[in-house]
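> Below is one structure. I have some questions about it.
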Amino acid sequence: MSILISIIGIIIFIGLAYASSSDRSKIKKRPIIQLLVLQFVFGYILLNTSFGNILIGGIANGFTKILDYAGEGVEFVFGGLANEGAAPFFLTVLMPIIFISVLIGILQFFGILPFIIKYLGKAMSKVNGMGQLESYNGIASIILGQSEVFISVKNQLGGLSEKRLYTLCASAMSTVSMSIVGAYMTLLEPKYVVTAIVLNLFGGFIITSIINPYEVEDEDELEVVQTKQSFFEMLVEYIMDGFQVAVTVGAMLIGFVAIIAMINGIFNAIFGISFQEILGYIFSPAAVLMGVPMADAVDAGSVMATKLVSNEFVAMETLKHGSFEFSARTEAIVSIFLVSFANFTSIGVISGAVNGLNKRQGKVVAKMGLRLLWGATLVSFLSATIVGLIFFN
């Protein structure tokens, strides 16, 4: 029965994308089917095979080592600030982002990441039926981040149509950046983080090609230009970028956690039920369609809604430290849903990033902000529902 409900869920979520399509006559069915098949294949391999376990174990161990190295720097600056045995979120989860950002900068500087992104983008364009710039952007967003990726295409922004701009922004909002993957892995099972990244990449192309279909001619292809700078200029830039991301996330968490606590207190005092519980009831039908059992649907819906109205870190903290008794399957489904930038805050982040590079296009992005969030959220629903179908404990 749960399998049937999940299949219905996939049909409904894709149907919602179809219902909100800007031009249904231009939707290409073959790339969508190919991408769906790839989601199931990669999802199954990552979650249910020994090869997937080895791969994810290697990635997780790699990030553990990186976090250990980052801890050396954090300890040097903040050593003795925390009490014995304490693990403050800012020091253990957010500060390592700086070191990971530097590693990304080094790989970018020596041309390793641009090479990988370029040729993976070309290969992906053969599968998804989209332009090379869109394929590049989808993969680059995972590496660079939802705001930083637009710096790498800043010379192309001015010449993009609104439809192409939507695809670039929706892809960026549907994914997460490698600089904070290590932080996610301290809050969620690493296998869910890695699986979500892969599924959301394909899912982003599926949903945007349905909501926002269009043709890209060869003469419309725009070459991505990498900015040249010295090695030490790059180090300083990426160190400061990483620090800015860490502080920004920390500030967002302080504000959103406090606001949610206050709203919960007000609702409890007036209605005898918390605001998050109300959101849980609103989101519970979607949780059921994703494969969450009815008994867990309200709690799962509450965590999902927390991510949408605040951000993924707040929701991950809620999932990790909440008094939930989720089954392994439910935890997998909810975890996959949480691993993306699809929330209201991201509308401001992306429109601000584009506006800083091209004011005219920044206004276009701001205008389609809710539509971007709608598409990115459908990507999360689709990825989580697929995991509900292929998860075997």
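In the structure tokens, the first chain shown is A, the next is B, and so on; residue numbers restart at 1 for each chain, and ligands run from 1 in the order shown.
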Going by DSSP on the backbone, which residues of range 152-191 of chain A come out as helix (DSSP H, G or I)? List them as a list in words.

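Everything in range 152-191 of chain A that counts as helix (DSSP H, G or I) is Ser152, Lys154, Asn155, Gln156, Leu157, Glu162, Lys163, Arg164, Leu165, Tyr166, Thr167, Leu168, Cys169, Ala170, Ser171, Ala172, Met173, Ser174, Met178, Ser179, Ile180, Val181, Gly182, Ala183, Tyr184, Met185, Pro190 and Lys191 of chain A.
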
> Leaving out range 299-306 of chain A and any residue of its chain fewer than 5 positions from it, which residues lie within 6 Å of it when counting only C-alpha atoms, given as a PyMOL selection string?

chain A and resi 276-277+279-280+283-284+287+315

> Looking at A:Gly203, A:Gly9, A:Gly182, A:Gly131, which one is nearest to Phe40 in chain A, with distances taken over only C-alpha atoms?

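Using only C-alpha atoms, Phe40 in chain A sits closest to A:Gly203.
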
> Env of Glu325 in chain A: 12 Å cut, atoms = only C-alpha atoms, seq-sep filter 3 positions within chain, self excluded. Answer as a list in words.

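The residues satisfying every condition are Pro293, Ala295, Asp296, Ala297, Asp299, Ala300, Leu319, Lys320, His321, Gly322, Ala328, Arg329, Thr330 and Glu331 of chain A.
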
> From the list A:Phe392, A:Phe275, A:Phe110, A:Trp374, which residue is nearest Ser327 in chain A when using only C-alpha atoms?

A:Phe392

> Could you pull the residues within 12 Å of Gly291 in chain A, counting only C-alpha atoms, minus those fewer than 6 positions along the same chain, as a PyMOL selection string?

chain A and resi 1-10+284-285+297+300-301+327+329-334+337+381-391

> Just to be explicit: take each residue in the selection above, keep N, CA and C atoms, and write the result as a compact mmCIF listing (two decimals), in the first residue's frame.


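Full text of out_28.txt as output:
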# COMPACT_ATOMS: atom_id res chain seq x y z
N MET A 1 0.83 -1.21 0.00
CA MET A 1 0.00 0.00 0.00
C MET A 1 0.86 1.26 0.00
N SER A 2 1.93 1.26 0.80
CA SER A 2 2.81 2.43 0.87
C SER A 2 3.47 2.70 -0.47
N ILE A 3 3.79 1.61 -1.21
CA ILE A 3 4.41 1.78 -2.53
C ILE A 3 3.43 2.45 -3.48
N LEU A 4 2.17 2.01 -3.45
CA LEU A 4 1.14 2.60 -4.31
C LEU A 4 0.95 4.08 -4.00
N ILE A 5 0.93 4.42 -2.70
CA ILE A 5 0.76 5.82 -2.30
C ILE A 5 1.94 6.66 -2.80
N SER A 6 3.16 6.13 -2.71
CA SER A 6 4.33 6.87 -3.19
C SER A 6 4.30 7.08 -4.69
N ILE A 7 3.84 6.05 -5.43
CA ILE A 7 3.70 6.19 -6.89
C ILE A 7 2.69 7.28 -7.22
N ILE A 8 1.57 7.28 -6.48
CA ILE A 8 0.56 8.33 -6.66
C ILE A 8 1.17 9.69 -6.32
N GLY A 9 2.01 9.71 -5.28
CA GLY A 9 2.68 10.95 -4.88
C GLY A 9 3.54 11.51 -6.00
N ILE A 10 4.34 10.64 -6.65
CA ILE A 10 5.18 11.09 -7.76
C ILE A 10 4.33 11.67 -8.88
N SER A 284 0.97 17.57 6.44
CA SER A 284 0.83 16.11 6.61
C SER A 284 0.34 15.38 5.36
N PRO A 285 -0.60 15.94 4.56
CA PRO A 285 -0.99 15.23 3.33
C PRO A 285 0.18 15.02 2.38
N ALA A 297 2.87 11.43 10.08
CA ALA A 297 2.70 12.47 9.07
C ALA A 297 2.73 13.88 9.64
N ALA A 300 6.31 14.72 10.82
CA ALA A 300 7.16 14.88 9.64
C ALA A 300 6.82 16.18 8.91
N GLY A 301 5.52 16.46 8.79
CA GLY A 301 5.08 17.69 8.14
C GLY A 301 5.57 18.92 8.87
N SER A 327 10.40 5.90 12.05
CA SER A 327 11.04 4.70 11.52
C SER A 327 12.21 5.12 10.65
N ARG A 329 12.69 4.48 7.58
CA ARG A 329 12.18 4.93 6.28
C ARG A 329 11.68 6.36 6.35
N THR A 330 10.94 6.68 7.40
CA THR A 330 10.43 8.04 7.57
C THR A 330 11.59 9.02 7.74
N GLU A 331 12.58 8.65 8.53
CA GLU A 331 13.74 9.52 8.73
C GLU A 331 14.46 9.77 7.42
N ALA A 332 14.56 8.73 6.58
CA ALA A 332 15.22 8.88 5.27
C ALA A 332 14.44 9.85 4.40
N ILE A 333 13.12 9.70 4.35
CA ILE A 333 12.29 10.56 3.51
C ILE A 333 12.39 12.02 3.95
N VAL A 334 12.25 12.26 5.25
CA VAL A 334 12.30 13.63 5.77
C VAL A 334 13.69 14.22 5.58
N PHE A 337 14.23 15.36 2.05
CA PHE A 337 13.49 16.60 1.80
C PHE A 337 14.23 17.83 2.32
N PHE A 381 10.13 17.47 -2.89
CA PHE A 381 9.05 16.48 -2.78
C PHE A 381 9.32 15.26 -3.64
N LEU A 382 9.74 15.50 -4.88
CA LEU A 382 9.99 14.40 -5.81
C LEU A 382 11.13 13.51 -5.33
N SER A 383 12.25 14.12 -4.92
CA SER A 383 13.40 13.33 -4.46
C SER A 383 13.05 12.50 -3.23
N ALA A 384 12.35 13.10 -2.29
CA ALA A 384 11.98 12.39 -1.05
C ALA A 384 11.01 11.26 -1.33
N THR A 385 10.10 11.47 -2.28
CA THR A 385 9.13 10.42 -2.61
C THR A 385 9.81 9.24 -3.28
N ILE A 386 10.76 9.50 -4.14
CA ILE A 386 11.53 8.42 -4.79
C ILE A 386 12.28 7.61 -3.74
N VAL A 387 12.86 8.29 -2.77
CA VAL A 387 13.56 7.57 -1.69
C VAL A 387 12.59 6.71 -0.91
N GLY A 388 11.37 7.21 -0.70
CA GLY A 388 10.34 6.41 -0.03
C GLY A 388 10.04 5.13 -0.77
N LEU A 389 10.17 5.15 -2.10
CA LEU A 389 9.90 3.96 -2.91
C LEU A 389 11.05 2.96 -2.90
N ILE A 390 12.28 3.47 -2.88
CA ILE A 390 13.44 2.58 -3.06
C ILE A 390 14.17 2.28 -1.76
N PHE A 391 13.69 2.84 -0.63
CA PHE A 391 14.40 2.61 0.64
C PHE A 391 14.07 1.24 1.19

> As an MDAnalysis selection string, please: the residues near Gly356 in chain A (cut-off 12 Å, only C-alpha atoms, same-chain neighbours under 5 positions excluded).

chainID A and resid 147:148 150:151 154 157 348:351 361:363 365

> How would the residues just picked look written out with all heavy atoms as a compact mmCIF listing (two decimals), in the first residue's frame?


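Contents of again_4.txt, freshly written:
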# COMPACT_ATOMS: atom_id res chain seq x y z
N SER A 147 24.54 31.29 -4.34
CA SER A 147 24.83 32.68 -4.68
C SER A 147 26.15 32.80 -5.44
O SER A 147 26.26 33.52 -6.43
CB SER A 147 24.86 33.55 -3.42
OG SER A 147 25.77 33.04 -2.47
N GLU A 148 27.18 32.03 -5.01
CA GLU A 148 28.51 32.12 -5.62
C GLU A 148 28.50 31.66 -7.08
O GLU A 148 29.30 32.13 -7.89
CB GLU A 148 29.53 31.28 -4.83
CG GLU A 148 29.85 31.81 -3.44
CD GLU A 148 28.83 31.37 -2.39
OE1 GLU A 148 27.84 30.72 -2.78
OE2 GLU A 148 29.01 31.71 -1.22
N PHE A 150 26.58 32.32 -9.44
CA PHE A 150 26.25 33.37 -10.39
C PHE A 150 27.46 34.26 -10.71
O PHE A 150 27.50 34.91 -11.75
CB PHE A 150 25.08 34.21 -9.87
CG PHE A 150 23.79 33.44 -9.81
CD1 PHE A 150 23.30 32.98 -8.60
CD2 PHE A 150 23.10 33.14 -10.96
CE1 PHE A 150 22.12 32.25 -8.55
CE2 PHE A 150 21.93 32.41 -10.92
CZ PHE A 150 21.43 31.96 -9.71
N ILE A 151 28.44 34.25 -9.81
CA ILE A 151 29.68 34.98 -10.10
C ILE A 151 30.38 34.35 -11.30
O ILE A 151 30.97 35.03 -12.14
CB ILE A 151 30.61 34.98 -8.87
CG1 ILE A 151 29.92 35.70 -7.69
CG2 ILE A 151 31.94 35.65 -9.19
CD1 ILE A 151 30.69 35.63 -6.39
N LYS A 154 28.66 35.58 -14.47
CA LYS A 154 28.25 37.00 -14.42
C LYS A 154 28.32 37.66 -15.80
O LYS A 154 27.54 38.57 -16.09
CB LYS A 154 29.09 37.76 -13.41
CG LYS A 154 30.58 37.83 -13.72
CD LYS A 154 31.32 38.59 -12.62
CE LYS A 154 32.82 38.65 -12.87
NZ LYS A 154 33.52 39.37 -11.79
N LEU A 157 24.98 36.77 -17.67
CA LEU A 157 23.69 37.10 -17.06
C LEU A 157 22.89 38.10 -17.89
O LEU A 157 21.68 37.92 -18.09
CB LEU A 157 23.89 37.67 -15.65
CG LEU A 157 24.13 36.66 -14.51
CD1 LEU A 157 24.37 37.40 -13.20
CD2 LEU A 157 22.93 35.73 -14.38
N GLY A 348 15.53 35.78 -1.24
CA GLY A 348 16.33 36.98 -1.03
C GLY A 348 17.79 36.77 -1.35
O GLY A 348 18.45 37.64 -1.92
N VAL A 349 18.31 35.58 -1.00
CA VAL A 349 19.73 35.27 -1.24
C VAL A 349 20.02 35.29 -2.74
O VAL A 349 20.98 35.92 -3.21
CB VAL A 349 20.10 33.91 -0.64
CG1 VAL A 349 21.50 33.49 -1.08
CG2 VAL A 349 20.02 33.96 0.88
N ILE A 350 19.20 34.59 -3.52
CA ILE A 350 19.44 34.48 -4.96
C ILE A 350 19.19 35.80 -5.68
O ILE A 350 19.99 36.23 -6.51
CB ILE A 350 18.58 33.35 -5.57
CG1 ILE A 350 19.11 31.99 -5.09
CG2 ILE A 350 18.59 33.41 -7.09
CD1 ILE A 350 18.35 30.81 -5.61
N SER A 351 18.07 36.46 -5.38
CA SER A 351 17.79 37.73 -6.05
C SER A 351 18.85 38.77 -5.68
O SER A 351 19.26 39.57 -6.53
CB SER A 351 16.40 38.24 -5.67
OG SER A 351 16.29 38.47 -4.28
N GLN A 361 18.52 42.12 -14.25
CA GLN A 361 18.18 40.72 -14.06
C GLN A 361 17.81 40.41 -12.60
O GLN A 361 17.01 39.52 -12.33
CB GLN A 361 19.34 39.82 -14.50
CG GLN A 361 19.67 39.89 -15.99
CD GLN A 361 18.62 39.24 -16.87
OE1 GLN A 361 17.43 39.51 -16.75
NE2 GLN A 361 19.06 38.37 -17.77
N GLY A 362 18.39 41.17 -11.68
CA GLY A 362 18.03 41.00 -10.27
C GLY A 362 16.57 41.29 -10.03
O GLY A 362 15.89 40.60 -9.25
N LYS A 363 16.02 42.30 -10.71
CA LYS A 363 14.60 42.62 -10.59
C LYS A 363 13.74 41.50 -11.18
O LYS A 363 12.66 41.20 -10.65
CB LYS A 363 14.30 43.94 -11.30
CG LYS A 363 14.91 45.16 -10.61
CD LYS A 363 14.63 46.44 -11.40
CE LYS A 363 15.28 47.65 -10.73
NZ LYS A 363 15.07 48.89 -11.52
N VAL A 365 14.54 38.30 -11.25
CA VAL A 365 14.58 37.18 -10.30
C VAL A 365 13.65 37.45 -9.12
O VAL A 365 12.91 36.57 -8.68
CB VAL A 365 16.02 36.94 -9.80
CG1 VAL A 365 16.04 35.88 -8.70
CG2 VAL A 365 16.92 36.52 -10.95

> Considering only C-alpha atoms, return as a list in words whatever protein or nucleic-acid residues lie within 6 Å of range 114-122 of chain A, sequence-local ones (same chain, fewer than 3 positions apart) excluded.

Gly111, Ser125, Gln132, Ser135 and Tyr136 of chain A

> Those residues with C-alpha atoms, as a PDB file, in the first residue's frame please?


ATOM      1  CA  GLY A 111      41.297  24.392 -12.957  1.00  0.00           C
ATOM      2  CA  SER A 125      23.020  18.390 -21.510  1.00  0.00           C
ATOM      3  CA  GLN A 132      25.076  23.574 -21.800  1.00  0.00           C
ATOM      4  CA  SER A 135      23.672  21.925 -17.263  1.00  0.00           C
ATOM      5  CA  TYR A 136      26.884  23.649 -16.159  1.00  0.00           C
TER       6      TYR A 136
END

> Where does range 141-212 of chain A meet range 56-67 of chain A within 9 Å, residue by residue, with the nearest atom pair and distance in Å to one decimal for each, counting only C-alpha atoms, listed by chain and rising number, as JSON lines?


{"residue": "A:Val181", "atom": "CA", "partner": "A:Phe63", "partner_atom": "CA", "distance": 8.3}
{"residue": "A:Gly182", "atom": "CA", "partner": "A:Phe63", "partner_atom": "CA", "distance": 5.8}
{"residue": "A:Ala183", "atom": "CA", "partner": "A:Leu67", "partner_atom": "CA", "distance": 8.8}
{"residue": "A:Met185", "atom": "CA", "partner": "A:Ala60", "partner_atom": "CA", "distance": 7.6}
{"residue": "A:Pro190", "atom": "CA", "partner": "A:Ala60", "partner_atom": "CA", "distance": 6.0}
{"residue": "A:Lys191", "atom": "CA", "partner": "A:Ile56", "partner_atom": "CA", "distance": 5.8}
{"residue": "A:Val194", "atom": "CA", "partner": "A:Ile56", "partner_atom": "CA", "distance": 7.0}
{"residue": "A:Thr195", "atom": "CA", "partner": "A:Ile56", "partner_atom": "CA", "distance": 8.8}

> Could you save those same residues with all heavy atoms as a JSON list (two decimals), in the first residue's frame?


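As a result, out01.json now contains:
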[["chain", "number", "residue", "atom", "x", "y", "z"],
["A", 181, "VAL", "N", 28.22, 20.91, 3.09],
["A", 181, "VAL", "CA", 27.85, 19.49, 3.17],
["A", 181, "VAL", "C", 28.39, 18.87, 4.46],
["A", 181, "VAL", "O", 27.71, 18.06, 5.10],
["A", 181, "VAL", "CB", 28.35, 18.73, 1.93],
["A", 181, "VAL", "CG1", 28.29, 17.22, 2.15],
["A", 181, "VAL", "CG2", 27.50, 19.10, 0.72],
["A", 182, "GLY", "N", 29.61, 19.24, 4.83],
["A", 182, "GLY", "CA", 30.18, 18.72, 6.07],
["A", 182, "GLY", "C", 29.33, 19.08, 7.28],
["A", 182, "GLY", "O", 29.16, 18.27, 8.19],
["A", 183, "ALA", "N", 28.79, 20.30, 7.27],
["A", 183, "ALA", "CA", 27.91, 20.72, 8.36],
["A", 183, "ALA", "C", 26.64, 19.88, 8.39],
["A", 183, "ALA", "O", 26.16, 19.48, 9.46],
["A", 183, "ALA", "CB", 27.57, 22.20, 8.22],
["A", 185, "MET", "N", 26.35, 16.85, 7.43],
["A", 185, "MET", "CA", 26.67, 15.48, 7.84],
["A", 185, "MET", "C", 26.83, 15.35, 9.35],
["A", 185, "MET", "O", 26.87, 14.23, 9.87],
["A", 185, "MET", "CB", 27.94, 15.01, 7.13],
["A", 185, "MET", "CG", 27.74, 14.70, 5.67],
["A", 185, "MET", "SD", 29.23, 14.05, 4.87],
["A", 185, "MET", "CE", 28.62, 13.74, 3.20],
["A", 190, "PRO", "N", 25.10, 10.76, 6.67],
["A", 190, "PRO", "CA", 25.80, 11.14, 5.44],
["A", 190, "PRO", "C", 25.18, 10.55, 4.17],
["A", 190, "PRO", "O", 25.16, 11.21, 3.13],
["A", 190, "PRO", "CB", 27.22, 10.61, 5.66],
["A", 190, "PRO", "CG", 27.39, 10.64, 7.14],
["A", 190, "PRO", "CD", 26.04, 10.27, 7.69],
["A", 191, "LYS", "N", 24.67, 9.31, 4.26],
["A", 191, "LYS", "CA", 24.11, 8.69, 3.05],
["A", 191, "LYS", "C", 22.89, 9.44, 2.54],
["A", 191, "LYS", "O", 22.64, 9.50, 1.33],
["A", 191, "LYS", "CB", 23.77, 7.22, 3.30],
["A", 191, "LYS", "CG", 22.69, 6.96, 4.33],
["A", 191, "LYS", "CD", 22.46, 5.46, 4.49],
["A", 191, "LYS", "CE", 21.41, 5.14, 5.55],
["A", 191, "LYS", "NZ", 21.21, 3.69, 5.71],
["A", 194, "VAL", "N", 24.31, 12.75, 0.71],
["A", 194, "VAL", "CA", 24.88, 12.46, -0.62],
["A", 194, "VAL", "C", 23.77, 12.08, -1.60],
["A", 194, "VAL", "O", 23.74, 12.56, -2.74],
["A", 194, "VAL", "CB", 25.92, 11.34, -0.53],
["A", 194, "VAL", "CG1", 26.43, 10.97, -1.93],
["A", 194, "VAL", "CG2", 27.09, 11.75, 0.35],
["A", 195, "THR", "N", 22.85, 11.23, -1.17],
["A", 195, "THR", "CA", 21.76, 10.80, -2.04],
["A", 195, "THR", "C", 20.89, 11.98, -2.46],
["A", 195, "THR", "O", 20.51, 12.10, -3.63],
["A", 195, "THR", "CB", 20.88, 9.74, -1.34],
["A", 195, "THR", "OG1", 21.70, 8.63, -0.95],
["A", 195, "THR", "CG2", 19.78, 9.25, -2.26]]

> Calculate how many Å separate CA of Phe243 in chain A from CA of Gly73 in chain A, rounding to one decimal.

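One can read the CA of Phe243 in chain A to CA of Gly73 in chain A distance as 12.7 Å.
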
> For Val41 in chain A, which residue out of A:Val288, A:Val236, A:Leu113, A:Phe202 is the nearest one, using only C-alpha atoms?

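Between A:Val288, A:Val236, A:Leu113, A:Phe202, the residue approaching Val41 in chain A most closely is A:Phe202.
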
> Report, in Å to a single decimal, how far apart CA of Thr248 in chain A and CA of Glu233 in chain A are.

22.2 Å
